[in-house]
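Peer 1: Sharing a structure below in structure tokens format, with a few things to ask.
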Amino acid sequence: MNLEKLFSRAKEKGITDIEIFSSDRTSLNIDIFNGTVDKYEIAATEALTIKGIYNNKMGRFSTEVLSDDVIEEILDTIIASAKEIDSLDDAIIYEGDESYKDLSDIYNDELYNLDVQKKIDYLLKLDDYLHKYDNRVKVVETMYSEDTAAVLLKNSKGINLTNKANAAFIGGSVIVKDEVDQRVGFDVVISNDFNDFNIETLAKDIVEDALASLGAKPVPSDSYEIVYSNGAIATLLSAFQGIFSADSVQKGLSLLKGKLEEKIGSDLVTITDDPFMKKSAASRSFDDEGVATSYKELVSKDVLKTFLHNLVTAKKDGVKSTGNGFGGGVDSVNLKLEAGSSNLEEMIKSCKKGIFITNVQGAHSGVNAVSGDFSLQASGYYIENGEKIRPVALITVAGNFLEMLKDITMVGNDLKMSYYGVTSPSIKVKSMQVSGS
């Protein structure tokens, strides 16, 4: 499409500013079940949105076809949709920032161009390795998922931006059985460098955790010292990440309302949004509104420093957008609980009577973003005098998110990005209530 013609005709029709946002996503998904390719899927999706301001109201048009033949239809639809809008909140098209971070290194062409058969063969090797690891391994599923995301933003105010990133995860799931019990093990590794994927290490983590949990039983209901694995706490953080959205705060849907510059956690707690994180397909140099993204500390050594803003929420609060306008709302890019100096073994050894939680379930239904209360099913290991005594399952850990942050006494050095896209180390919490037998 001739964009100069589009912009020119828009002006002639009384559309003061106009913007094009294009998102192209390519995905590859492979599943191996017990040695057989169970799923092989390549998908490509394109989302194209054109928006324009007419009489101080924002109109929109979505299409998959950009040709000169549809210019008049596009503009007429934008005008018609603008006439139906009652709110003036989103009638903003951004003029751009002075500079944008160069993120040319977040896309790895070698990963994208690596022969698909090699990816399948690698999964088959992982499947075979898991099957042979121990005779108690009965069911094996391995999976590979790769995403490439490319976005383009151009508007009549002079913005012309592009961003491209990719990443993949490789993972496995096993069911192990002995004479009296069966358990599941699961883990994934995320990167955009295929050399980061190690069959032996991944298989060991998956199977050893599953085998160690055979015979798991609940503990008596009581208060325990709690050590969360990096994966478990990342799952919980993912369920609460919306509380940092200024949109949620302004609507009274966040427990952080009115808490800016207040202490909300232990001085060991720093939570960031890192849009420049390497090896993440979500990383961006600009948001969907054309605002430059930036590394920011949401919580800095226990103090809440900022909310995440798009142009609309920033205007309401009289601040600058943080570059977190995505999909018409507000969202983090790469939420991360920053690493500390402790290792996992030190945390476990520090517990007199505790539970090492390796897995939580129901995180997106068992949390309340307004009160901060949560109650989640969990599993892991009972700790006594610094030693893991036995596996634990069928327990429920309950607490309040802010109280938990304040009670963090150790933060690990084992950062890992989770399946949910949140990065976290392991942590130790002074005490939490656990319901069991």
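Chain lettering (A, B, ...) mirrors the order of the structure tokens, residue numbering begins at 1 for each chain separately, and ligand numbering begins at 1 in order of display.
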With a cut-off of 12 Å, could you pull out the residues of region 3-48 of chain A touching region 325-348 of chain A and give me the nearest pair of atoms for each, distance in Å to one decimal, using only C-alpha atoms, ordered by chain and ascending number, as a tab-separated table?
Peer 2:
```
residue	atom	partner	partner_atom	distance
A:Phe21	CA	A:Gly327	CA	10.6
A:Ser22	CA	A:Gly327	CA	11.7
A:Ser23	CA	A:Gly327	CA	10.7
A:Ala47	CA	A:Gly327	CA	10.9
A:Leu48	CA	A:Gly327	CA	11.8
```
Peer 1: Report as a VMD selection string all protein, DNA and RNA residues lying within 8 Å of Pro425 (chain A), evaluated on only C-alpha atoms, omitting residues in the same chain fewer than 5 positions from it.
Peer 2: chain A and resid 229 to 231 233 337 to 340 411 to 416
Peer 1: Where in region 274-370 of chain A does DSSP assign strand (DSSP E or B), given as a list in words?
Peer 2: Phe286, Ala292, Lys296, Glu297, Leu298, Val299, Ser300, Val303, Leu304, Leu308, Gly325, Phe326, Gly329, Val330, Leu335, Lys336, Leu337, Ser342, Lys353, Gly354, Ile355, Phe356, Ile357, Thr358, Asn359, Val360, Gln361 and Val367 of chain A
Peer 1: Convert the current residue selection to file output with N, CA, C and O atoms, as an mmCIF file, in the first residue's frame.
Peer 2:
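out33.cif written:
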```cif
data_model
loop_
_atom_site.group_PDB
_atom_site.id
_atom_site.type_symbol
_atom_site.label_atom_id
_atom_site.label_comp_id
_atom_site.auth_asym_id
_atom_site.auth_seq_id
_atom_site.Cartn_x
_atom_site.Cartn_y
_atom_site.Cartn_z
ATOM 1 N N PHE A 286 10.224 -0.605 21.692
ATOM 2 C CA PHE A 286 9.104 0.328 21.759
ATOM 3 C C PHE A 286 7.828 -0.461 22.014
ATOM 4 O O PHE A 286 7.746 -1.656 21.701
ATOM 5 N N ALA A 292 9.193 4.645 23.610
ATOM 6 C CA ALA A 292 10.419 3.887 23.854
ATOM 7 C C ALA A 292 10.306 3.118 25.168
ATOM 8 O O ALA A 292 9.888 3.674 26.186
ATOM 9 N N LYS A 296 13.230 -0.720 34.087
ATOM 10 C CA LYS A 296 12.730 0.026 35.233
ATOM 11 C C LYS A 296 12.595 -0.868 36.451
ATOM 12 O O LYS A 296 12.252 -2.048 36.342
ATOM 13 N N GLU A 297 12.893 -0.298 37.597
ATOM 14 C CA GLU A 297 12.694 -0.985 38.862
ATOM 15 C C GLU A 297 11.311 -0.629 39.387
ATOM 16 O O GLU A 297 11.052 0.519 39.745
ATOM 17 N N LEU A 298 10.410 -1.599 39.396
ATOM 18 C CA LEU A 298 9.076 -1.381 39.938
ATOM 19 C C LEU A 298 9.131 -1.338 41.461
ATOM 20 O O LEU A 298 8.521 -0.484 42.102
ATOM 21 N N VAL A 299 9.865 -2.291 42.010
ATOM 22 C CA VAL A 299 10.142 -2.319 43.445
ATOM 23 C C VAL A 299 11.654 -2.293 43.595
ATOM 24 O O VAL A 299 12.348 -3.164 43.079
ATOM 25 N N SER A 300 12.165 -1.283 44.290
ATOM 26 C CA SER A 300 13.606 -1.125 44.444
ATOM 27 C C SER A 300 13.983 -1.313 45.905
ATOM 28 O O SER A 300 13.710 -0.449 46.742
ATOM 29 N N VAL A 303 10.951 -0.792 48.117
ATOM 30 C CA VAL A 303 10.108 0.395 47.928
ATOM 31 C C VAL A 303 9.449 0.360 46.543
ATOM 32 O O VAL A 303 10.124 0.170 45.527
ATOM 33 N N LEU A 304 8.117 0.561 46.501
ATOM 34 C CA LEU A 304 7.388 0.627 45.239
ATOM 35 C C LEU A 304 7.690 1.954 44.557
ATOM 36 O O LEU A 304 7.327 3.022 45.049
ATOM 37 N N LEU A 308 3.282 0.612 35.875
ATOM 38 C CA LEU A 308 3.473 0.510 34.430
ATOM 39 C C LEU A 308 2.378 1.312 33.736
ATOM 40 O O LEU A 308 1.197 1.147 34.037
ATOM 41 N N GLY A 325 2.463 0.107 26.876
ATOM 42 C CA GLY A 325 1.169 0.024 26.213
ATOM 43 C C GLY A 325 1.164 -1.104 25.204
ATOM 44 O O GLY A 325 1.758 -0.983 24.126
ATOM 45 N N PHE A 326 0.482 -2.178 25.529
ATOM 46 C CA PHE A 326 0.442 -3.344 24.651
ATOM 47 C C PHE A 326 -0.987 -3.851 24.515
ATOM 48 O O PHE A 326 -1.709 -3.963 25.506
ATOM 49 N N GLY A 329 -3.930 -2.197 26.221
ATOM 50 C CA GLY A 329 -3.911 -2.096 27.673
ATOM 51 C C GLY A 329 -2.512 -1.817 28.182
ATOM 52 O O GLY A 329 -1.696 -1.190 27.509
ATOM 53 N N VAL A 330 -2.242 -2.279 29.397
ATOM 54 C CA VAL A 330 -0.938 -2.085 30.033
ATOM 55 C C VAL A 330 -0.403 -3.444 30.468
ATOM 56 O O VAL A 330 -1.121 -4.236 31.082
ATOM 57 N N LEU A 335 8.930 -9.399 33.219
ATOM 58 C CA LEU A 335 8.931 -9.167 34.663
ATOM 59 C C LEU A 335 9.972 -10.066 35.323
ATOM 60 O O LEU A 335 10.081 -11.245 34.994
ATOM 61 N N LYS A 336 10.729 -9.475 36.264
ATOM 62 C CA LYS A 336 11.817 -10.246 36.860
ATOM 63 C C LYS A 336 11.999 -9.875 38.330
ATOM 64 O O LYS A 336 12.062 -8.693 38.680
ATOM 65 N N LEU A 337 12.077 -10.881 39.182
ATOM 66 C CA LEU A 337 12.535 -10.710 40.552
ATOM 67 C C LEU A 337 14.049 -10.876 40.502
ATOM 68 O O LEU A 337 14.554 -11.944 40.153
ATOM 69 N N SER A 342 22.329 -15.728 47.756
ATOM 70 C CA SER A 342 22.256 -17.053 48.391
ATOM 71 C C SER A 342 22.095 -18.144 47.344
ATOM 72 O O SER A 342 21.574 -17.902 46.252
ATOM 73 N N LYS A 353 12.375 -26.117 60.577
ATOM 74 C CA LYS A 353 11.162 -26.856 60.206
ATOM 75 C C LYS A 353 10.533 -26.117 59.037
ATOM 76 O O LYS A 353 9.934 -25.061 59.202
ATOM 77 N N GLY A 354 10.710 -26.655 57.862
ATOM 78 C CA GLY A 354 10.253 -25.922 56.684
ATOM 79 C C GLY A 354 9.774 -26.828 55.573
ATOM 80 O O GLY A 354 9.801 -28.062 55.682
ATOM 81 N N ILE A 355 9.346 -26.193 54.502
ATOM 82 C CA ILE A 355 8.919 -26.911 53.298
ATOM 83 C C ILE A 355 9.569 -26.250 52.089
ATOM 84 O O ILE A 355 9.512 -25.024 51.942
ATOM 85 N N PHE A 356 10.209 -27.068 51.288
ATOM 86 C CA PHE A 356 10.748 -26.614 50.006
ATOM 87 C C PHE A 356 9.671 -26.859 48.960
ATOM 88 O O PHE A 356 9.375 -28.001 48.616
ATOM 89 N N ILE A 357 9.037 -25.785 48.494
ATOM 90 C CA ILE A 357 7.945 -25.890 47.530
ATOM 91 C C ILE A 357 8.510 -25.837 46.118
ATOM 92 O O ILE A 357 9.118 -24.840 45.714
ATOM 93 N N THR A 358 8.305 -26.906 45.373
ATOM 94 C CA THR A 358 8.809 -26.987 44.004
ATOM 95 C C THR A 358 7.731 -26.759 42.954
ATOM 96 O O THR A 358 8.030 -26.525 41.794
ATOM 97 N N ASN A 359 6.467 -26.848 43.382
ATOM 98 C CA ASN A 359 5.377 -26.705 42.418
ATOM 99 C C ASN A 359 4.142 -26.137 43.105
ATOM 100 O O ASN A 359 3.807 -26.537 44.220
ATOM 101 N N VAL A 360 3.495 -25.182 42.452
ATOM 102 C CA VAL A 360 2.208 -24.671 42.921
ATOM 103 C C VAL A 360 1.206 -24.774 41.779
ATOM 104 O O VAL A 360 1.564 -24.667 40.602
ATOM 105 N N GLN A 361 -0.050 -24.982 42.139
ATOM 106 C CA GLN A 361 -1.105 -25.132 41.143
ATOM 107 C C GLN A 361 -2.258 -24.195 41.467
ATOM 108 O O GLN A 361 -2.485 -23.833 42.618
ATOM 109 N N VAL A 367 -5.816 -16.599 43.542
ATOM 110 C CA VAL A 367 -5.242 -15.343 44.029
ATOM 111 C C VAL A 367 -6.262 -14.224 43.904
ATOM 112 O O VAL A 367 -7.131 -14.248 43.032
#
```
Peer 1: Let's see if you can do this: from backbone DSSP, list all alpha helix (DSSP H) residues in region 64-198 of chain A, as an MDAnalysis selection string.
Peer 2: chainID A and resid 71:83 109:113 116:133
Peer 1: Selection from above, N, CA, C and O atoms, as a tab-separated table (two decimals), in the first residue's frame, can you write it?
Peer 2:
```
chain	number	residue	atom	x	y	z
A	71	ILE	N	-8.07	1.72	0.56
A	71	ILE	CA	-7.78	2.95	1.31
A	71	ILE	C	-9.06	3.68	1.70
A	71	ILE	O	-9.24	4.06	2.87
A	72	GLU	N	-9.98	3.85	0.76
A	72	GLU	CA	-11.21	4.58	1.07
A	72	GLU	C	-12.05	3.84	2.11
A	72	GLU	O	-12.62	4.44	3.02
A	73	GLU	N	-12.10	2.51	1.99
A	73	GLU	CA	-12.85	1.71	2.97
A	73	GLU	C	-12.24	1.85	4.36
A	73	GLU	O	-12.96	1.98	5.36
A	74	ILE	N	-10.93	1.82	4.42
A	74	ILE	CA	-10.23	1.95	5.70
A	74	ILE	C	-10.58	3.28	6.36
A	74	ILE	O	-10.98	3.33	7.53
A	75	LEU	N	-10.45	4.35	5.61
A	75	LEU	CA	-10.67	5.68	6.18
A	75	LEU	C	-12.13	5.90	6.56
A	75	LEU	O	-12.43	6.49	7.60
A	76	ASP	N	-13.04	5.42	5.73
A	76	ASP	CA	-14.47	5.58	6.05
A	76	ASP	C	-14.84	4.80	7.31
A	76	ASP	O	-15.65	5.26	8.12
A	77	THR	N	-14.22	3.62	7.48
A	77	THR	CA	-14.50	2.82	8.68
A	77	THR	C	-13.94	3.50	9.93
A	77	THR	O	-14.58	3.49	10.98
A	78	ILE	N	-12.76	4.07	9.81
A	78	ILE	CA	-12.16	4.80	10.93
A	78	ILE	C	-13.06	5.95	11.35
A	78	ILE	O	-13.33	6.17	12.55
A	79	ILE	N	-13.57	6.70	10.39
A	79	ILE	CA	-14.45	7.84	10.70
A	79	ILE	C	-15.74	7.35	11.35
A	79	ILE	O	-16.20	7.91	12.36
A	80	ALA	N	-16.31	6.28	10.81
A	80	ALA	CA	-17.56	5.76	11.35
A	80	ALA	C	-17.38	5.24	12.78
A	80	ALA	O	-18.22	5.48	13.65
A	81	SER	N	-16.28	4.55	13.02
A	81	SER	CA	-16.05	4.01	14.37
A	81	SER	C	-15.74	5.12	15.36
A	81	SER	O	-16.12	5.05	16.53
A	82	ALA	N	-15.06	6.18	14.90
A	82	ALA	CA	-14.77	7.32	15.78
A	82	ALA	C	-16.06	8.00	16.23
A	82	ALA	O	-16.17	8.46	17.37
A	83	LYS	N	-17.04	8.06	15.34
A	83	LYS	CA	-18.31	8.71	15.68
A	83	LYS	C	-19.08	7.94	16.76
A	83	LYS	O	-19.94	8.51	17.44
A	109	ASP	N	19.03	-15.36	13.94
A	109	ASP	CA	18.69	-15.94	12.64
A	109	ASP	C	19.05	-17.42	12.57
A	109	ASP	O	18.39	-18.20	11.89
A	110	GLU	N	20.10	-17.81	13.29
A	110	GLU	CA	20.52	-19.21	13.27
A	110	GLU	C	19.45	-20.13	13.85
A	110	GLU	O	19.24	-21.24	13.36
A	111	LEU	N	18.79	-19.67	14.90
A	111	LEU	CA	17.72	-20.48	15.48
A	111	LEU	C	16.58	-20.65	14.49
A	111	LEU	O	16.07	-21.76	14.28
A	112	TYR	N	16.18	-19.56	13.86
A	112	TYR	CA	15.06	-19.59	12.92
A	112	TYR	C	15.36	-20.50	11.73
A	112	TYR	O	14.49	-21.23	11.26
A	113	ASN	N	16.60	-20.44	11.25
A	113	ASN	CA	16.96	-21.17	10.03
A	113	ASN	C	17.47	-22.59	10.28
A	113	ASN	O	17.74	-23.32	9.33
A	116	VAL	N	14.41	-27.91	10.58
A	116	VAL	CA	13.38	-28.43	11.47
A	116	VAL	C	13.64	-29.88	11.84
A	116	VAL	O	13.36	-30.30	12.97
A	117	GLN	N	14.17	-30.65	10.92
A	117	GLN	CA	14.44	-32.06	11.21
A	117	GLN	C	15.43	-32.20	12.35
A	117	GLN	O	15.33	-33.14	13.17
A	118	LYS	N	16.38	-31.27	12.46
A	118	LYS	CA	17.35	-31.32	13.56
A	118	LYS	C	16.64	-31.06	14.89
A	118	LYS	O	17.00	-31.64	15.92
A	119	LYS	N	15.64	-30.19	14.87
A	119	LYS	CA	14.88	-29.92	16.09
A	119	LYS	C	14.06	-31.14	16.49
A	119	LYS	O	13.97	-31.48	17.67
A	120	ILE	N	13.48	-31.80	15.50
A	120	ILE	CA	12.72	-33.02	15.77
A	120	ILE	C	13.65	-34.12	16.30
A	120	ILE	O	13.34	-34.81	17.28
A	121	ASP	N	14.81	-34.28	15.66
A	121	ASP	CA	15.78	-35.30	16.08
A	121	ASP	C	16.24	-35.04	17.52
A	121	ASP	O	16.43	-35.99	18.30
A	122	TYR	N	16.40	-33.79	17.86
A	122	TYR	CA	16.84	-33.45	19.22
A	122	TYR	C	15.77	-33.85	20.24
A	122	TYR	O	16.08	-34.40	21.30
A	123	LEU	N	14.51	-33.58	19.90
A	123	LEU	CA	13.41	-33.97	20.78
A	123	LEU	C	13.34	-35.49	20.93
A	123	LEU	O	13.09	-36.01	22.02
A	124	LEU	N	13.55	-36.18	19.83
A	124	LEU	CA	13.53	-37.65	19.88
A	124	LEU	C	14.66	-38.19	20.76
A	124	LEU	O	14.48	-39.17	21.50
A	125	LYS	N	15.81	-37.53	20.72
A	125	LYS	CA	16.93	-37.94	21.57
A	125	LYS	C	16.59	-37.70	23.04
A	125	LYS	O	16.90	-38.51	23.90
A	126	LEU	N	15.93	-36.55	23.31
A	126	LEU	CA	15.51	-36.27	24.68
A	126	LEU	C	14.51	-37.30	25.15
A	126	LEU	O	14.59	-37.80	26.28
A	127	ASP	N	13.57	-37.65	24.28
A	127	ASP	CA	12.56	-38.68	24.60
A	127	ASP	C	13.25	-40.00	24.94
A	127	ASP	O	12.92	-40.65	25.94
A	128	ASP	N	14.20	-40.39	24.11
A	128	ASP	CA	14.90	-41.66	24.32
A	128	ASP	C	15.69	-41.62	25.62
A	128	ASP	O	15.71	-42.60	26.39
A	129	TYR	N	16.34	-40.51	25.89
A	129	TYR	CA	17.15	-40.37	27.11
A	129	TYR	C	16.28	-40.46	28.35
A	129	TYR	O	16.65	-41.09	29.35
A	130	LEU	N	15.10	-39.82	28.30
A	130	LEU	CA	14.18	-39.86	29.44
A	130	LEU	C	13.67	-41.28	29.67
A	130	LEU	O	13.57	-41.73	30.82
A	131	HIS	N	13.34	-41.99	28.60
A	131	HIS	CA	12.85	-43.36	28.73
A	131	HIS	C	13.91	-44.26	29.38
A	131	HIS	O	13.58	-45.14	30.20
A	132	LYS	N	15.17	-44.07	29.02
A	132	LYS	CA	16.23	-44.95	29.49
A	132	LYS	C	16.83	-44.52	30.82
A	132	LYS	O	17.65	-45.25	31.39
A	133	TYR	N	16.42	-43.35	31.30
A	133	TYR	CA	17.04	-42.81	32.52
A	133	TYR	C	16.80	-43.70	33.73
A	133	TYR	O	17.67	-43.90	34.56
```
Peer 1: Which residue is closest to Asp97 (chain A)? Choose from A:Glu403, A:Asp31, A:Asp287, A:Asp302 and count only C-alpha atoms.
Peer 2: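 Among the listed residues, the smallest separation from Asp97 (chain A) belongs to A:Asp287.
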Peer 1: Find, counting only C-alpha atoms, the residue in A:Cys351, A:Ala149, A:Ile389, A:Met432 that gets nearest to Asn166 (chain A).
Peer 2: A:Ala149
Peer 1: Using only C-alpha atoms, which residues sit within 10 Å of Ala363 (chain A) once same-chain residues fewer than 4 positions away are excluded, as a ChimeraX atom specification?
Peer 2: /A:232,235-240,367-368,374-377
Peer 1: Could you dump the residues just selected with all heavy atoms as a short mmCIF file (atom, residue, chain, number, x, y, z; two decimals), in the first residue's frame?
Peer 2:
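Once written, result-v6.cif looks like this:
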```cif
data_model
loop_
_atom_site.label_atom_id
_atom_site.label_comp_id
_atom_site.auth_asym_id
_atom_site.auth_seq_id
_atom_site.Cartn_x
_atom_site.Cartn_y
_atom_site.Cartn_z
N ALA A 232 8.51 -22.22 41.11
CA ALA A 232 7.29 -22.06 41.89
C ALA A 232 6.99 -20.60 42.18
O ALA A 232 5.84 -20.15 42.04
CB ALA A 232 7.40 -22.84 43.20
N THR A 235 5.76 -18.75 39.09
CA THR A 235 4.35 -19.02 38.81
C THR A 235 3.46 -18.11 39.64
O THR A 235 2.48 -17.54 39.14
CB THR A 235 4.01 -20.49 39.10
OG1 THR A 235 4.82 -21.33 38.29
CG2 THR A 235 2.54 -20.78 38.81
N LEU A 236 3.79 -17.94 40.92
CA LEU A 236 3.01 -17.06 41.78
C LEU A 236 3.13 -15.60 41.34
O LEU A 236 2.14 -14.87 41.29
CB LEU A 236 3.48 -17.21 43.23
CG LEU A 236 2.72 -16.40 44.29
CD1 LEU A 236 1.22 -16.68 44.24
CD2 LEU A 236 3.28 -16.69 45.68
N LEU A 237 4.34 -15.17 40.98
CA LEU A 237 4.53 -13.80 40.51
C LEU A 237 3.74 -13.53 39.24
O LEU A 237 3.20 -12.43 39.05
CB LEU A 237 6.03 -13.54 40.25
CG LEU A 237 6.91 -13.27 41.47
CD1 LEU A 237 8.37 -13.25 41.06
CD2 LEU A 237 6.52 -11.95 42.12
N SER A 238 3.66 -14.52 38.37
CA SER A 238 2.93 -14.34 37.11
C SER A 238 1.45 -14.06 37.37
O SER A 238 0.81 -13.32 36.63
CB SER A 238 3.09 -15.55 36.20
OG SER A 238 2.37 -16.68 36.69
N ALA A 239 0.91 -14.66 38.44
CA ALA A 239 -0.49 -14.45 38.76
C ALA A 239 -0.75 -13.06 39.33
O ALA A 239 -1.86 -12.53 39.23
CB ALA A 239 -0.96 -15.51 39.76
N PHE A 240 0.29 -12.45 39.91
CA PHE A 240 0.13 -11.13 40.52
C PHE A 240 0.73 -10.00 39.67
O PHE A 240 0.70 -8.84 40.09
CB PHE A 240 0.79 -11.10 41.90
CG PHE A 240 -0.09 -11.63 43.01
CD1 PHE A 240 0.13 -12.89 43.53
CD2 PHE A 240 -1.14 -10.88 43.51
CE1 PHE A 240 -0.66 -13.39 44.56
CE2 PHE A 240 -1.95 -11.36 44.53
CZ PHE A 240 -1.71 -12.63 45.06
N VAL A 367 -5.82 -16.60 43.54
CA VAL A 367 -5.24 -15.34 44.03
C VAL A 367 -6.26 -14.22 43.90
O VAL A 367 -7.13 -14.25 43.03
CB VAL A 367 -3.96 -14.97 43.26
CG1 VAL A 367 -2.95 -16.10 43.30
CG2 VAL A 367 -4.27 -14.59 41.81
N ASN A 368 -6.15 -13.23 44.78
CA ASN A 368 -7.01 -12.05 44.76
C ASN A 368 -6.12 -10.84 44.58
O ASN A 368 -5.37 -10.47 45.50
CB ASN A 368 -7.81 -11.96 46.05
CG ASN A 368 -8.85 -10.84 46.02
OD1 ASN A 368 -8.57 -9.73 45.57
ND2 ASN A 368 -10.05 -11.13 46.49
N PHE A 374 -3.83 -15.23 48.79
CA PHE A 374 -3.75 -16.38 47.89
C PHE A 374 -3.79 -17.67 48.69
O PHE A 374 -3.40 -17.73 49.86
CB PHE A 374 -2.50 -16.33 47.01
CG PHE A 374 -1.19 -16.41 47.75
CD1 PHE A 374 -0.60 -17.64 48.03
CD2 PHE A 374 -0.54 -15.26 48.17
CE1 PHE A 374 0.61 -17.72 48.69
CE2 PHE A 374 0.68 -15.32 48.84
CZ PHE A 374 1.25 -16.55 49.10
N SER A 375 -4.28 -18.71 48.05
CA SER A 375 -4.32 -20.04 48.62
C SER A 375 -4.10 -21.03 47.48
O SER A 375 -4.94 -21.12 46.57
CB SER A 375 -5.66 -20.29 49.31
OG SER A 375 -5.71 -21.59 49.86
N LEU A 376 -2.98 -21.75 47.52
CA LEU A 376 -2.59 -22.56 46.37
C LEU A 376 -2.22 -23.97 46.79
O LEU A 376 -1.59 -24.19 47.83
CB LEU A 376 -1.37 -21.93 45.67
CG LEU A 376 -1.52 -20.47 45.22
CD1 LEU A 376 -0.18 -19.95 44.73
CD2 LEU A 376 -2.57 -20.34 44.15
N GLN A 377 -2.59 -24.92 45.96
CA GLN A 377 -2.12 -26.29 46.16
C GLN A 377 -0.63 -26.33 45.85
O GLN A 377 -0.16 -25.66 44.93
CB GLN A 377 -2.87 -27.24 45.23
CG GLN A 377 -4.35 -27.38 45.54
CD GLN A 377 -5.04 -28.36 44.61
OE1 GLN A 377 -4.39 -29.19 43.98
NE2 GLN A 377 -6.35 -28.27 44.54
#
```
Peer 1: What lies within 12 Å of Glu225 (chain A) using only C-alpha atoms, ignoring chain neighbours under 6 positions off, as a VMD selection string?
Peer 2: chain A and resid 347 to 357 381 to 386 397 404 407 to 410 427 to 434
Peer 1: Report as a PyMOL selection string all protein, DNA and RNA residues lying within 12 Å of Ile85 (chain A), evaluated on only C-alpha atoms, omitting residues in the same chain fewer than 3 positions from it.
Peer 2: chain A and resi 53-60+78-82+88-91
Peer 1: One decimal, Å: what's the distance from CA of Val189 (chain A) over to CA of Gly362 (chain A), could you say?
Peer 2: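 Answer for the CA of Val189 (chain A) to CA of Gly362 (chain A) separation: 21.9 Å.
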Peer 1: Contacts of Asp134 (chain A) at 10 Å or less, counting only C-alpha atoms, minus same-chain residues fewer than 6 places along, as a PyMOL selection string?
Peer 2: chain A and resi 176+207-208+211
Peer 1: Store the residues of this selection in a file with N, CA, C and O atoms, as a PDB file, in the first residue's frame.
Peer 2:
```
ATOM      1  N   VAL A 176       6.306 -41.195  36.433  1.00  0.00           N
ATOM      2  CA  VAL A 176       7.098 -42.272  37.021  1.00  0.00           C
ATOM      3  C   VAL A 176       6.218 -43.069  37.980  1.00  0.00           C
ATOM      4  O   VAL A 176       5.329 -42.512  38.629  1.00  0.00           O
ATOM      5  N   VAL A 207      13.473 -36.008  35.656  1.00  0.00           N
ATOM      6  CA  VAL A 207      13.250 -37.340  36.212  1.00  0.00           C
ATOM      7  C   VAL A 207      13.602 -37.403  37.692  1.00  0.00           C
ATOM      8  O   VAL A 207      12.859 -37.996  38.491  1.00  0.00           O
ATOM      9  N   GLU A 208      14.708 -36.796  38.086  1.00  0.00           N
ATOM     10  CA  GLU A 208      15.110 -36.870  39.491  1.00  0.00           C
ATOM     11  C   GLU A 208      14.070 -36.229  40.399  1.00  0.00           C
ATOM     12  O   GLU A 208      13.781 -36.739  41.492  1.00  0.00           O
ATOM     13  N   LEU A 211      11.111 -38.738  40.567  1.00  0.00           N
ATOM     14  CA  LEU A 211      11.420 -39.912  41.369  1.00  0.00           C
ATOM     15  C   LEU A 211      11.476 -39.574  42.858  1.00  0.00           C
ATOM     16  O   LEU A 211      11.006 -40.337  43.703  1.00  0.00           O
TER      17      LEU A 211
END
```
Peer 1: Choose the residue, out of A:Tyr420, A:Phe307, A:Val188, A:Ile42, that has the smallest atom-to-atom separation from Ile170 (chain A); count only C-alpha atoms.
Peer 2: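 Nearest candidate to Ile170 (chain A) out of A:Tyr420, A:Phe307, A:Val188, A:Ile42: A:Val188.
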Peer 1: From the set A:Leu311, A:Ile199, A:Met417, A:Ala212, which residue has the shortest atom-to-atom contact distance to Glu95 (chain A), counting only C-alpha atoms?
Peer 2: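 Ranking A:Leu311, A:Ile199, A:Met417, A:Ala212 by distance to Glu95 (chain A), first place goes to A:Leu311.
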Peer 1: If you count only C-alpha atoms, which residues fall within 7 Å of Thr293 (chain A), apart from same-chain ones fewer than 4 positions away, as a ChimeraX atom specification?
Peer 2: /A:275,284-287,322-323
Peer 1: Closest to Ala216 (chain A) among A:Arg390, A:Lys13, A:Lys51, A:Lys251, using only C-alpha atoms?
Peer 2: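 Once distances to Ala216 (chain A) are computed over only C-alpha atoms, the minimum belongs to A:Arg390.
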